[in-house]
Amino acid sequence: MTISVLIADDQAMVRAGFAAVLAAQPGIDVVGQAADGDEAVRLAHELRPDVVVMDVRMPGMNGIEATRALQTPPRSSDYVPRVLMLTTFDIDDYVYDALRAGASGFLLKDALPDEVARAVRVIAAGEALLAPSVTRRLIEDVARQAPPKPVDEHLLAGLTEREREVLVLIARGRSNHEIAAELFIAEQTVKTHVSKILAKLGLRDRVHAVVFAYDTGLVSPAR
């Protein structure tokens with residue numbers, strides 16, 4: 001199945017570079033390019049790409065605002081694309097806000113061509129993705145920005161004790177392999193727990209599980 005992609009970046013050379021990289025990949029079709037957030041939202045609804053590759057910082061409507069607009073479509077539309085954010089630095093000031101807006105992953109602008117193609121495929125498949133150098137520092141950044149809160153037991157009531165344990169470890173940046181080792185269970189069992197957690201909480205992917213865990217007070221810098 002071909003993955004359709006829209007690229008949004010205010011720098012023409014960056015847009016052209018990503019378009020060339022992705023267009024050369026089998027199974028990926030670049031259907032459009034946008035120079036700012038407003039154009040990205042308009043073209044996304046017009047072209048309905050599977051993935052929008054979105055720069056965080058753009059004039060006018062920035063990437064975060066555009067992502068939020070795409071994740072909350074009007075009632076007349078059921079179209080909600082996956083958004084892969086582009087960032088210049090391995091921790092961007094806007095990372096946390098972009099995740100809350102609904103972005104499913106981040107990629108550094110200096111990523112290698114194979115990494116760019118892989119990122120698009122991962123996002124299109126419904127998984128979350130962060131550049132490897134971002135992941136651990138993102139967790140720390142979320143912890144710093146989210147003040148300690150009382151645990152919201154109402155929002156967590158549907159989880160089993162084991163699922164709560166797994167969610168805590170996800171929020172602390174553990175991989176499935178690391179979670180399996182820490183809890184002495186099979187990695188496939190961890191995957192099952194993760195799927196159930198996302199389904200029960202109505203979360204799209206693992207990245208948003210991290211945000212949820214801090215927002216509900218399940219995990220905090222003091223824990």
# chains A, B, ... in the order shown; residues from 1 in each chain; ligands from 1
$ residues_around --residues "range 184-198 of chain A" --least-positions-apart "5" --cutoff "10 Å" --atoms "only C-alpha atoms" --output "NGL selection string"
:A and (156 or 158-160 or 162-167 or 170 or 175-179 or 203-206 or 208-209)
$ write_last_selection --atoms "N, CA and C atoms" --output "PDB file, in the first residue's frame"
ATOM      1  N   LEU A 156      -7.719   6.575  35.664  1.00  0.00           N
ATOM      2  CA  LEU A 156      -6.899   5.365  35.663  1.00  0.00           C
ATOM      3  C   LEU A 156      -7.677   4.121  36.095  1.00  0.00           C
ATOM      4  N   GLY A 158      -9.798   2.129  34.844  1.00  0.00           N
ATOM      5  CA  GLY A 158      -9.975   0.981  33.964  1.00  0.00           C
ATOM      6  C   GLY A 158      -8.752   0.107  33.802  1.00  0.00           C
ATOM      7  N   LEU A 159      -7.615   0.546  34.338  1.00  0.00           N
ATOM      8  CA  LEU A 159      -6.372  -0.208  34.177  1.00  0.00           C
ATOM      9  C   LEU A 159      -6.204  -1.232  35.292  1.00  0.00           C
ATOM     10  N   THR A 160      -5.643  -2.382  34.941  1.00  0.00           N
ATOM     11  CA  THR A 160      -5.264  -3.355  35.964  1.00  0.00           C
ATOM     12  C   THR A 160      -3.982  -2.879  36.637  1.00  0.00           C
ATOM     13  N   ARG A 162      -1.168  -4.415  36.796  1.00  0.00           N
ATOM     14  CA  ARG A 162      -0.038  -4.666  35.899  1.00  0.00           C
ATOM     15  C   ARG A 162       0.024  -3.617  34.799  1.00  0.00           C
ATOM     16  N   GLU A 163      -1.119  -3.226  34.257  1.00  0.00           N
ATOM     17  CA  GLU A 163      -1.139  -2.208  33.206  1.00  0.00           C
ATOM     18  C   GLU A 163      -0.653  -0.869  33.737  1.00  0.00           C
ATOM     19  N   ARG A 164      -0.976  -0.562  34.985  1.00  0.00           N
ATOM     20  CA  ARG A 164      -0.451   0.664  35.601  1.00  0.00           C
ATOM     21  C   ARG A 164       1.067   0.596  35.713  1.00  0.00           C
ATOM     22  N   GLU A 165       1.595  -0.558  36.086  1.00  0.00           N
ATOM     23  CA  GLU A 165       3.043  -0.717  36.180  1.00  0.00           C
ATOM     24  C   GLU A 165       3.702  -0.496  34.824  1.00  0.00           C
ATOM     25  N   VAL A 166       3.094  -1.070  33.797  1.00  0.00           N
ATOM     26  CA  VAL A 166       3.650  -0.928  32.449  1.00  0.00           C
ATOM     27  C   VAL A 166       3.591   0.530  32.001  1.00  0.00           C
ATOM     28  N   LEU A 167       2.487   1.210  32.286  1.00  0.00           N
ATOM     29  CA  LEU A 167       2.346   2.623  31.898  1.00  0.00           C
ATOM     30  C   LEU A 167       3.397   3.484  32.577  1.00  0.00           C
ATOM     31  N   ILE A 170       6.621   2.920  30.722  1.00  0.00           N
ATOM     32  CA  ILE A 170       6.579   3.616  29.429  1.00  0.00           C
ATOM     33  C   ILE A 170       6.908   5.089  29.635  1.00  0.00           C
ATOM     34  N   SER A 175      11.899   0.764  26.954  1.00  0.00           N
ATOM     35  CA  SER A 175      11.456   0.034  25.762  1.00  0.00           C
ATOM     36  C   SER A 175      10.692  -1.210  26.194  1.00  0.00           C
ATOM     37  N   ASN A 176      10.025  -1.867  25.251  1.00  0.00           N
ATOM     38  CA  ASN A 176       9.321  -3.112  25.576  1.00  0.00           C
ATOM     39  C   ASN A 176      10.276  -4.151  26.134  1.00  0.00           C
ATOM     40  N   HIS A 177      11.463  -4.226  25.560  1.00  0.00           N
ATOM     41  CA  HIS A 177      12.459  -5.189  26.021  1.00  0.00           C
ATOM     42  C   HIS A 177      12.858  -4.897  27.466  1.00  0.00           C
ATOM     43  N   GLU A 178      13.071  -3.619  27.782  1.00  0.00           N
ATOM     44  CA  GLU A 178      13.461  -3.238  29.144  1.00  0.00           C
ATOM     45  C   GLU A 178      12.334  -3.479  30.143  1.00  0.00           C
ATOM     46  N   ILE A 179      11.098  -3.213  29.712  1.00  0.00           N
ATOM     47  CA  ILE A 179       9.948  -3.452  30.585  1.00  0.00           C
ATOM     48  C   ILE A 179       9.817  -4.944  30.886  1.00  0.00           C
ATOM     49  N   LEU A 203      -5.764   6.386  23.761  1.00  0.00           N
ATOM     50  CA  LEU A 203      -4.535   7.052  23.336  1.00  0.00           C
ATOM     51  C   LEU A 203      -4.094   6.505  21.993  1.00  0.00           C
ATOM     52  N   ARG A 204      -3.526   7.365  21.155  1.00  0.00           N
ATOM     53  CA  ARG A 204      -3.161   6.928  19.809  1.00  0.00           C
ATOM     54  C   ARG A 204      -1.872   6.129  19.766  1.00  0.00           C
ATOM     55  N   ASP A 205      -0.937   6.444  20.661  1.00  0.00           N
ATOM     56  CA  ASP A 205       0.348   5.776  20.577  1.00  0.00           C
ATOM     57  C   ASP A 205       1.117   5.939  21.877  1.00  0.00           C
ATOM     58  N   ARG A 206       2.310   5.379  21.893  1.00  0.00           N
ATOM     59  CA  ARG A 206       3.149   5.322  23.084  1.00  0.00           C
ATOM     60  C   ARG A 206       3.580   6.707  23.568  1.00  0.00           C
ATOM     61  N   HIS A 208       1.960   9.494  23.423  1.00  0.00           N
ATOM     62  CA  HIS A 208       0.882  10.144  24.148  1.00  0.00           C
ATOM     63  C   HIS A 208       0.585   9.461  25.472  1.00  0.00           C
ATOM     64  N   ALA A 209       0.997   8.203  25.607  1.00  0.00           N
ATOM     65  CA  ALA A 209       0.889   7.538  26.909  1.00  0.00           C
ATOM     66  C   ALA A 209       1.810   8.215  27.925  1.00  0.00           C
TER      67      ALA A 209
END
$ residues_around --residues "range 45-48 of chain A" --least-positions-apart "5" --cutoff "8 Å" --atoms "only C-alpha atoms" --output "list in words"
Val31, Gly32, Tyr79 and Pro81 of chain A
$ residues_around --residues "Leu22 in chain A" --least-positions-apart "5" --cutoff "7 Å" --atoms "only C-alpha atoms" --output "ChimeraX atom specification"
/A:28,30,117
$ write_last_selection --atoms "all heavy atoms" --output "compact mmCIF listing (two decimals), in the first residue's frame"
# COMPACT_ATOMS: atom_id res chain seq x y z
N ILE A 28 6.15 5.16 -1.24
CA ILE A 28 5.88 6.48 -0.65
C ILE A 28 5.64 7.48 -1.77
O ILE A 28 6.42 7.56 -2.72
CB ILE A 28 7.05 6.95 0.23
CG1 ILE A 28 7.22 6.02 1.44
CG2 ILE A 28 6.81 8.39 0.71
CD1 ILE A 28 8.37 6.41 2.36
N VAL A 30 4.87 11.52 -2.48
CA VAL A 30 4.77 12.90 -1.99
C VAL A 30 3.70 13.61 -2.80
O VAL A 30 3.87 13.87 -3.99
CB VAL A 30 6.12 13.64 -2.10
CG1 VAL A 30 5.97 15.08 -1.62
CG2 VAL A 30 7.19 12.92 -1.28
N ALA A 117 12.72 7.89 5.64
CA ALA A 117 11.75 6.95 5.07
C ALA A 117 11.19 6.02 6.14
O ALA A 117 9.98 5.75 6.18
CB ALA A 117 12.42 6.14 3.97
$ residues_around --residues "Asp9 in chain A" --least-positions-apart "6" --cutoff "7 Å" --atoms "only C-alpha atoms" --output "MDAnalysis selection string"
chainID A and resid 15 34:36 54:55 58
$ residues_around --residues "Asp10 in chain A" --least-positions-apart "6" --cutoff "12 Å" --atoms "only C-alpha atoms" --output "list in words"
Ala16, Gln33, Ala34, Ala35, Asp36, Gly37, Asp38, Glu39, Ala40, Met54, Asp55, Val56, Arg57, Met58, Pro59, Gly60, Met61, Asn62, Gly63 and Leu86 of chain A
$ write_last_selection --atoms "C-alpha atoms" --output "compact mmCIF listing (two decimals), in the first residue's frame"
# COMPACT_ATOMS: atom_id res chain seq x y z
CA ALA A 16 12.62 19.97 -1.81
CA GLN A 33 4.27 20.72 -0.26
CA ALA A 34 3.29 23.62 2.00
CA ALA A 35 5.26 26.71 3.02
CA ASP A 36 3.43 27.42 6.29
CA GLY A 37 0.90 26.02 8.71
CA ASP A 38 -2.17 27.55 7.08
CA GLU A 39 -1.25 26.05 3.72
CA ALA A 40 -0.44 22.72 5.38
CA MET A 54 5.58 19.22 9.61
CA ASP A 55 8.24 21.72 10.64
CA VAL A 56 7.76 22.92 14.22
CA ARG A 57 8.72 26.52 13.53
CA MET A 58 7.03 28.32 10.64
CA PRO A 59 5.76 31.88 10.16
CA GLY A 60 2.06 32.58 10.65
CA MET A 61 0.44 29.38 11.87
CA ASN A 62 3.33 27.32 13.24
CA GLY A 63 3.62 23.55 13.15
CA LEU A 86 10.65 18.14 12.12
$ residues_around --residues "Gln71 in chain A" --least-positions-apart "5" --cutoff "8 Å" --atoms "only C-alpha atoms" --output "PyMOL selection string"
chain A and resi 80-81+101-102
$ residues_around --residues "Ala24 in chain A" --least-positions-apart "6" --cutoff "12 Å" --atoms "only C-alpha atoms" --output "PyMOL selection string"
chain A and resi 17-18+30+113-114+116-117
